Structures are given as C-alpha cells and as structure tokens.
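Trainee: So that we are looking at the same thing, I have put the structure below in structure tokens.
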Number of protein chains: 2
Amino acid sequence: MMEKIRFGIACYGNLGRGVALSIRQNPDMELVGVFTRRDPSKVQVVTGAPAYRIDDLDQHASDIDVLILCGGSATDLPKQTPELAKHFKVVDSFDTHASIPEHFANVDKSAKAGGHVAIISIGWDPGLFSLNRMMAGAILPEGSDYTFWGKGVSQGHSDAVRRIPGVIDARQYTIPVESAVQAVRNGENPTLTTREKHVRECFVVAEEGADQSKIEEAIKTMPKYFADYDTTVHFISKEEMEREHSGIPHGGCVIRTGKTGLAKEHSHVVEFSLKLDSNPEFTASVLVAYARAAYKLSKEGAHGAKTIFDIAPGYLSPKTPEELRGTLL
Amino acid sequence: MMEKIRFGIACYGNLGRGVALSIRQNPDMELVGVFTRRDPSKVQVVTGAPAYRIDDLDQHASDIDVLILCGGSATDLPKQTPELAKHFKVVDSFDTHASIPEHFANVDKSAKAGGHVAIISIGWDPGLFSLNRMMAGAILPEGSDYTFWGKGVSQGHSDAVRRIPGVIDARQYTIPVESAVQAVRNGENPTLTTREKHVRECFVVAEEGADQSKIEEAIKTMPKYFADYDTTVHFISKEEMEREHSGIPHGGCVIRTGKTGLAKEHSHVVEFSLKLDSNPEFTASVLVAYARAAYKLSKEGAHGAKTIFDIAPGYLSPKTPEELRGTLL
C-alpha cells in the first residue's frame, strides 16, 4: 500500500475548504485535520476531517508532513508563515506582491533555522501567472507583457463597496476589455491605460430608502478602487444577489508578444489563460500540488524559503521522473 | 563588465540560424561559433559569427560554456547528443516523443561520465506544451487534456507530399477545427476523433502535364499522414508558392479542463497557447533560454541528463532570484 502524504490545514475559510476538497482528489494524500482559531466543535470540515485548536498544532507535529497555510495575506500570513516554518514544512498563498521580498526574507530565516522547506506566494497571481510572465520573458527577451484579470469577483473591491453607507451587500466583477485583449493577441503591441484594460461592474443591495444615486456616485469616484475605471452599478434585491452572484468565479490571462529574426520580422504570441468557476478551489488546488512539491523537496534534504521560480515542475506530480518522461514529455 | 555565457552551435540549418539570432538578443550571451558538417568556408552565419568544421569541436572545448545541438531528431541527435555530452554541457531539441526514454538513458550515461549537464527535448512540443500538460494535470487531477496544433506548417507532411510523383514542391498546413477548440474551451469535455480535431490543407506545385486528380487522390488516401483527416488540396504556381508560403508559422494550444468541489460542481479551464510567425526561431529561443539554465546548473555542480520537468524555471532568466521575486512574482 502506498504511504500517503499527510497534510494539515491552518485556518479554515474558503481557501481551507478548497484545500480539503483538493486533497480528497489526490490518492497519494490524506488530510490529518484542520487547525482553527475558532471553537473546533463549531467547525464542520467539508470532507469530515477533524478540527483542532490552532494552538494545539505542536501536539500533532509528528503526524503532519506538510502544513498548508490558508490565512489571509493582510494580517495572518506575515506572522503565521515565519512562525510555523520553524516547526513545519509549509506552503502559503501570500499575495501582497509588493511585500513578497520582505515576507520571503522572514520566512527563509525561520525555515532555515528549523531545517524546513517553506514555499510562499503560491496560487495563480502570484503563482502560475508569475511563472508564465517570467518564462515567456526569458524566452522572448524583446517584447511586451500584458496581464488581464477576469471576468471575476474581486473580494477587495466588493468589500470596498460594502463599506459605503446604505449598502447591505455588494459584488464587484473585474472584466477585461475584449477589444484590448484582442489587440494584444493580434500582436498590435498596444499601449493601454488602466481604463482601457478593464471595466468594473458592481451589483449592490441597498438599504430601503437609501439614496441610490449617492451610492453610485460614491462607488464611481472612489480613489484607487474605481476612479480610474469605467464602472457600471446595478441595484438588485437580496434574493437576486443570492441567486445570481453567490459564486466566486475568476480567471484572466498573461500574454507576452515578442519579436525574433534578423530585422525582428517575426512576431510571436505566448498566452496562458484561466477560466475558473471557483477562485478559492482552484487556488487551493495549486497550493496542494506545491504542497506535494514541498514534501518531495524535503525528502531530498532541501530547506529554506522557495517560490514558484525555484521549484522544478516535476515535483508537482505524483508521477516519477521516469513516468513523466514516458507519458507526458 | 559582465562575463558573457559562451555558446557554440552544432549543425547549422533553420534551427541553428534561429539560435544564432536568439543569442544576439540576450546581452548576457555570446556565440563563439557554428560547427558544421559542411565546408565551413561555404557556411555564412546570419550574425557574422565564424563557422568551423564539426570535427574540430574539441579544439574549441575550453572556449565553449554550453553547446546547443541543432541537428535533426531522426538520425543526428540520437548519436550526437550522447557523444557530445561526454565533452560539453549540451542542450538539444530531440522531438521523437516515443524514443525520449531511450534517448534520455543514453544521454544521461555519457553526461554523467563526462561530469556535464545535458538538457534534452527542449522546444514547445516536446517542451513548453509538455510542461503545461504536466502542471495542469498535477493541479487538476480529475480532468481531460487536449492538444491542438496549428495553424502551422508540418515539415513531415510537406515532405510526404513532395515524394509523390509529379509534385515539384508542396506545403502542408495543419489547422485545428475551431468548433472543436471552442467546445473544449467551453468545458464541454468532448470526445474527439482525429478527424474532428484537425484538418489538413496542402498547396502543391505540380509538374507541367501531371495528372492533378491523381496527385490529389494520392495525398488524400496516404495512410497515417492524410487518410484519417479531411484534407483540401490546392494546385498553385511556383511563384505563388514562393510569394505566399515561404514562412514557417506554427502554434497551437494545450487545454486542460478539470473539476473541483464537493460534487465536482466547479469547472476550470487552463490553457496555454502559442501563435508563432517562425517555428524554428521560437524553438531556438526556448533552446537558448534552457542553454542559460544548463550554464547556471553546471555552475552549481549539477550533471547528468535533464528534461524540462527537472529544471526550476528561475534558471531560464538572466535575473537573480532576488530580482525575480521583486519584479515578476
């Protein structure tokens, strides 16, 4: 019988739920349990796995091969990943792009001190999109990069709308401008402003009697979040929100266009795209594949912090290098 | 001043020409020379680099960091890569999928004996397409893979048509069936026959007085190459062939559709696609990026045969790991 890789999940929200479901899809893996800051008796894990207090993690250390960290990037992971990397092999989805170098340094220090592998900033952006940007740029050094996000729900923008007085609930979709995407795909190499790349669409449930035109104005003029975009606002009922907007779809594409040839006469378009019904479940699936990599790397004695750039892709697969060469190359 | 990576090119055809041009686009690289089986005085390297006899390679061994092998997969590389891996760090584009395990074993043995790194089967298929198939499969273990090639020139099919009596010249385009690609992208998970995935289009210059209907029949019924496809044949003049069909475009896409969720209620589509004006120049650009990886790996003491699955993507880039984390993650 195959020995399974034993995983733990730290923090249990949408992402943790996705990780539990993803582990269930991989025959070489098992979930030891979920470690939560809430009362474990009140946490129902989707796959029926047990829930424990996060403070009791060390009691389970010998049962866990890799701990998958599913906290948020704003306040949880900057503390949790360095702390837990001292005692566990870990993977996180830290996604505050500008703070990645600092996070890496902190995690690297404690992972090395603990002799563990810690893989950070895994998901699709940062993650698979970063990988594709980097590889296409290395292959076509003379060219341009474009990233489009959506159509998908932006949690940050939805939250921003919810904070406006008179708003009960809100959902914001980021939508790429199709003509801009097409121009890039055609190799036209356009220079695109923020407004020309994406539009924003908001669905809002307002309080009874609230001034809808005032809410709409507050959304459209909100600095950073909406002011630089063309935004449309729809007021809908609580029922319609639940019926039509309960999913968390997302996606997007990374496109690099580049030139080769004696006089740069040849154009090439390299595109990586995602169309996801569930952003957290797909992100979780990427995390789980990289958690397998963390396990394999640690078996080889690796330690310290790593990113998607540092990991040979073969480590993601349950297949051996021989199987990969024979079936997938 | 930056010390440049010094490359040699073994065999100089379309691919070798593309490699010379690609090296010129990378400021951290230089081309020492081209090593040819022809008379070097008759080989004009596109960038003006010197040409030498391939038998004199060992005289230049100390000047070359990595040798990029640009021979053919049918007869050149099965001999050349194992032979040259004894004395050089090498990269090849061996693309006979079924023979990769054997080629790997042969190259691994001599690369280890010589203490060198040898990276095999680099390009886009095998190569980037293999990488994307493998990664998407590891991330979404329950799903289906689809690969479409084209629109592009198939050299093998063009050659097959040229061998028909009465044919002076021919160009064959492989074209994906757009409705099939769309069905896959929509997550319909179709079962597709060979005929339903691609069509073939041939442009033929026939000898004066040749029986065109006989040539067309010979093409359409040719086993393996055309019999399983819907094929259209156009007879054109030598001038039109030169004017309209002298390019070597290619491309295609790898799509994985997969399910996640408690009851597999969420679908995801992961797609990697290429649209290439020049197949050999793009393939050459991939080879050159992996030649940089061979150089970096050898600096770390790595040796033996490696494939695209075994190489951490960061090695492809001229940037340091710190720069990559700070700018591209």
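Every chain in the structure tokens has a letter given in the order shown (A, B, ...), and although residue numbers restart at 1 in each chain, ligands are simply numbered from 1 in the order shown.
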Looking only at strand (DSSP E or B) from DSSP on the backbone, list the matching residues of range 54-299 of chain B as a VMD selection string.
Mentor: chain B and resid 66 to 69 90 to 91 117 to 119 124 127 143 to 149 152 to 153 167 to 176 198 to 206 230 to 235 248 250 to 260 266 to 276 278
Trainee: Determine, counting only C-alpha atoms, which protein, DNA and RNA residues have an atom within 12 Å of an atom of Glu323 in chain A; residues of the same chain fewer than 6 positions away are not included. Present the result as number ranges by chain.
Mentor: A: 314, 317, 329; B: 100-101, 134, 309
Trainee: Residues of the last selection are to be written out with C-alpha atoms, as a compact mmCIF listing (two decimals), in the first residue's frame.
Mentor:
# COMPACT_ATOMS: atom_id res chain seq x y z
CA GLY A 314 8.25 17.62 -11.90
CA SER A 317 3.31 15.49 -9.96
CA LEU A 329 7.01 14.79 -22.41
CA ILE B 100 12.62 10.05 -25.36
CA PRO B 101 13.13 7.49 -22.54
CA MET B 134 2.06 18.11 -16.75
CA PHE B 309 10.36 18.78 -15.81
Trainee: May I have a table of the residues of chain A lying at most 7 Å from chain B, giving each one's closest pair of atoms and their distance in Å to one decimal, counting only C-alpha atoms, ordered by chain and ascending residue number, as CSV?
Mentor:
residue,atom,partner,partner_atom,distance
A:Leu21,CA,B:Gly261,CA,6.3
A:Gln25,CA,B:Pro141,CA,6.8
A:Asn26,CA,B:Pro141,CA,6.9
A:His97,CA,B:Leu329,CA,6.8
A:Ile100,CA,B:Arg325,CA,6.9
A:Pro101,CA,B:Gly326,CA,6.0
A:Pro126,CA,B:Leu329,CA,5.6
A:Ser130,CA,B:Leu329,CA,4.9
A:Met134,CA,B:Leu328,CA,6.3
A:Met135,CA,B:Pro313,CA,6.9
A:Ala138,CA,B:Ser317,CA,5.1
A:Ile139,CA,B:Val286,CA,5.3
A:Leu140,CA,B:Ser285,CA,6.7
A:Pro141,CA,B:Gln25,CA,6.8
A:Thr260,CA,B:Glu281,CA,6.7
A:Gly261,CA,B:Leu21,CA,6.3
A:Leu262,CA,B:Leu21,CA,6.6
A:His266,CA,B:Asp277,CA,5.3
A:Ser267,CA,B:Asp277,CA,5.5
A:His268,CA,B:Leu276,CA,4.5
A:Val269,CA,B:Lys275,CA,5.0
A:Val270,CA,B:Leu274,CA,4.8
A:Glu271,CA,B:Ser273,CA,5.2
A:Phe272,CA,B:Phe272,CA,4.5
A:Ser273,CA,B:Glu271,CA,5.2
A:Leu274,CA,B:Val270,CA,4.8
A:Lys275,CA,B:Val269,CA,5.0
A:Leu276,CA,B:His268,CA,4.5
A:Asp277,CA,B:His266,CA,5.3
A:Ser278,CA,B:His266,CA,6.3
A:Glu281,CA,B:Thr260,CA,6.7
A:Ser285,CA,B:Ile139,CA,5.4
A:Val286,CA,B:Ile139,CA,5.3
A:Ala289,CA,B:Ile139,CA,5.6
A:Phe309,CA,B:Gly314,CA,4.6
A:Asp310,CA,B:Ala312,CA,5.1
A:Ile311,CA,B:Ala312,CA,4.7
A:Ala312,CA,B:Ala312,CA,3.8
A:Pro313,CA,B:Phe309,CA,5.1
A:Gly314,CA,B:Phe309,CA,4.6
A:Leu316,CA,B:Ala138,CA,6.0
A:Ser317,CA,B:Ala138,CA,5.1
A:Arg325,CA,B:Pro101,CA,6.3
A:Gly326,CA,B:Pro101,CA,6.0
A:Leu328,CA,B:Ser130,CA,5.9
A:Leu329,CA,B:Ser130,CA,4.9
Trainee: Assign secondary structure with DSSP using the backbone only, and return the residues of range 109-299 of chain B in alpha helix (DSSP H) as a PyMOL selection string.
Mentor: chain B and resi 109-114+128-139+155-162+178-185+194-197+212-220+238-244+279-299
Trainee: Rounded to one decimal place, report the CA of Pro280 in chain B-CA of Leu15 in chain B distance in Å.
Mentor: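 According to the coordinates, CA of Pro280 in chain B and CA of Leu15 in chain B are separated by 5.0 Å.
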Trainee: Considering only C-alpha atoms, return as a list in words whatever protein or nucleic-acid residues lie within 12 Å of Gly13 in chain B, sequence-local ones (same chain, fewer than 6 positions apart) excluded.
Mentor: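 Once the nearby chain positions are removed, what remains is Val19, Ala20, Val34, Phe35, Thr36, Arg37, Arg38, Val43, Gln44, Val45, Val46, Leu69, Cys70, Gly71, Gly72, Pro280, Glu281 and Ala284 of chain B.
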Trainee: Would you write out those residues with N, CA and C atoms, as a PDB file, in the first residue's frame?
Mentor:
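Result file is selection.pdb:
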ATOM      1  N   VAL B  19      18.952  30.011 -33.438  1.00  0.00           N
ATOM      2  CA  VAL B  19      19.722  30.080 -32.193  1.00  0.00           C
ATOM      3  C   VAL B  19      20.721  31.239 -32.255  1.00  0.00           C
ATOM      4  N   ALA B  20      21.392  31.382 -33.392  1.00  0.00           N
ATOM      5  CA  ALA B  20      22.351  32.489 -33.542  1.00  0.00           C
ATOM      6  C   ALA B  20      21.647  33.828 -33.348  1.00  0.00           C
ATOM      7  N   VAL B  34      29.812  28.492 -35.046  1.00  0.00           N
ATOM      8  CA  VAL B  34      28.936  27.434 -35.536  1.00  0.00           C
ATOM      9  C   VAL B  34      29.826  26.283 -35.987  1.00  0.00           C
ATOM     10  N   PHE B  35      29.442  25.058 -35.680  1.00  0.00           N
ATOM     11  CA  PHE B  35      30.225  23.883 -36.040  1.00  0.00           C
ATOM     12  C   PHE B  35      29.409  23.038 -37.004  1.00  0.00           C
ATOM     13  N   THR B  36      29.918  22.897 -38.205  1.00  0.00           N
ATOM     14  CA  THR B  36      29.118  22.358 -39.295  1.00  0.00           C
ATOM     15  C   THR B  36      29.776  21.136 -39.931  1.00  0.00           C
ATOM     16  N   ARG B  37      28.934  20.286 -40.521  1.00  0.00           N
ATOM     17  CA  ARG B  37      29.453  19.138 -41.268  1.00  0.00           C
ATOM     18  C   ARG B  37      29.806  19.521 -42.691  1.00  0.00           C
ATOM     19  N   ARG B  38      29.343  20.726 -43.101  1.00  0.00           N
ATOM     20  CA  ARG B  38      29.652  21.191 -44.451  1.00  0.00           C
ATOM     21  C   ARG B  38      31.028  21.866 -44.460  1.00  0.00           C
ATOM     22  N   VAL B  43      29.693  28.236 -45.312  1.00  0.00           N
ATOM     23  CA  VAL B  43      28.584  28.498 -44.382  1.00  0.00           C
ATOM     24  C   VAL B  43      28.653  29.949 -43.913  1.00  0.00           C
ATOM     25  N   GLN B  44      27.627  30.703 -44.227  1.00  0.00           N
ATOM     26  CA  GLN B  44      27.537  32.115 -43.882  1.00  0.00           C
ATOM     27  C   GLN B  44      26.615  32.230 -42.672  1.00  0.00           C
ATOM     28  N   VAL B  45      27.156  32.461 -41.488  1.00  0.00           N
ATOM     29  CA  VAL B  45      26.304  32.565 -40.293  1.00  0.00           C
ATOM     30  C   VAL B  45      25.601  33.921 -40.288  1.00  0.00           C
ATOM     31  N   VAL B  46      24.304  33.892 -40.026  1.00  0.00           N
ATOM     32  CA  VAL B  46      23.446  35.071 -40.166  1.00  0.00           C
ATOM     33  C   VAL B  46      23.945  36.260 -39.350  1.00  0.00           C
ATOM     34  N   LEU B  69      22.713  21.930 -29.590  1.00  0.00           N
ATOM     35  CA  LEU B  69      22.698  20.952 -30.678  1.00  0.00           C
ATOM     36  C   LEU B  69      21.481  21.180 -31.566  1.00  0.00           C
ATOM     37  N   CYS B  70      21.736  21.470 -32.842  1.00  0.00           N
ATOM     38  CA  CYS B  70      20.656  21.818 -33.757  1.00  0.00           C
ATOM     39  C   CYS B  70      20.519  20.830 -34.908  1.00  0.00           C
ATOM     40  N   GLY B  71      20.954  19.598 -34.693  1.00  0.00           N
ATOM     41  CA  GLY B  71      20.750  18.566 -35.692  1.00  0.00           C
ATOM     42  C   GLY B  71      19.318  18.030 -35.644  1.00  0.00           C
ATOM     43  N   GLY B  72      19.007  17.100 -36.550  1.00  0.00           N
ATOM     44  CA  GLY B  72      17.666  16.532 -36.622  1.00  0.00           C
ATOM     45  C   GLY B  72      17.485  15.378 -35.652  1.00  0.00           C
ATOM     46  N   PRO B 280      10.954  27.700 -36.274  1.00  0.00           N
ATOM     47  CA  PRO B 280      12.349  27.463 -35.860  1.00  0.00           C
ATOM     48  C   PRO B 280      12.921  28.575 -34.991  1.00  0.00           C
ATOM     49  N   GLU B 281      12.549  29.823 -35.239  1.00  0.00           N
ATOM     50  CA  GLU B 281      13.112  30.903 -34.413  1.00  0.00           C
ATOM     51  C   GLU B 281      12.553  30.870 -32.994  1.00  0.00           C
ATOM     52  N   ALA B 284      14.148  27.905 -31.255  1.00  0.00           N
ATOM     53  CA  ALA B 284      15.522  28.297 -30.942  1.00  0.00           C
ATOM     54  C   ALA B 284      15.572  29.169 -29.690  1.00  0.00           C
TER      55      ALA B 284
END
Trainee: So which residues touch Lys109 in chain B within 10 Å, counting only C-alpha atoms, skipping near sequence neighbours fewer than 5 positions away, as number ranges by chain?
Mentor: B: 82, 85-86, 104, 114-115, 304-305
Trainee: Find the spatial neighbours of Phe88 in chain B, counting only C-alpha atoms, within a cut-off of 9 Å - ignore same-chain residues fewer than 2 positions away - and output them as an MDAnalysis selection string.
Mentor: chainID B and resid 61 64:67 84:86 90 111 114:118
Trainee: Looking at only C-alpha atoms, which of A:Lys112, A:Val153, A:Tyr225, A:Ile236 is the one that sits closest to Ile168 in chain A?
Mentor: A:Ile236
Trainee: Restricting the calculation to only C-alpha atoms, which member of B:Phe148, B:Trp124, B:Tyr173, B:Phe7 is positioned closest to Lys89 in chain B?
Mentor: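 That would be B:Phe7, the residue with the smallest distance to Lys89 in chain B.
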Trainee: Nearest to Ile175 in chain A among A:Glu188, A:Ser237, A:Thr194, A:Gly152, with distances taken over only C-alpha atoms: which residue is it?
Mentor: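 Among the listed residues, the smallest separation from Ile175 in chain A belongs to A:Gly152.
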Trainee: What is the CA of Ser179 in chain A to CA of Gln182 in chain B distance in Å?
Mentor: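 Pair CA of Ser179 in chain A / CA of Gln182 in chain B returns 18.9 Å.
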Trainee: How many Å separate CA of Phe203 in chain B from CA of His234 in chain B?
Mentor: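 Answer for the CA of Phe203 in chain B to CA of His234 in chain B separation: 4.9 Å.
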Trainee: Between B:Thr232, B:Asn14, B:Ser158, B:Thr147, which is the closest to Val184 in chain B once you count only C-alpha atoms?
Mentor: B:Thr147
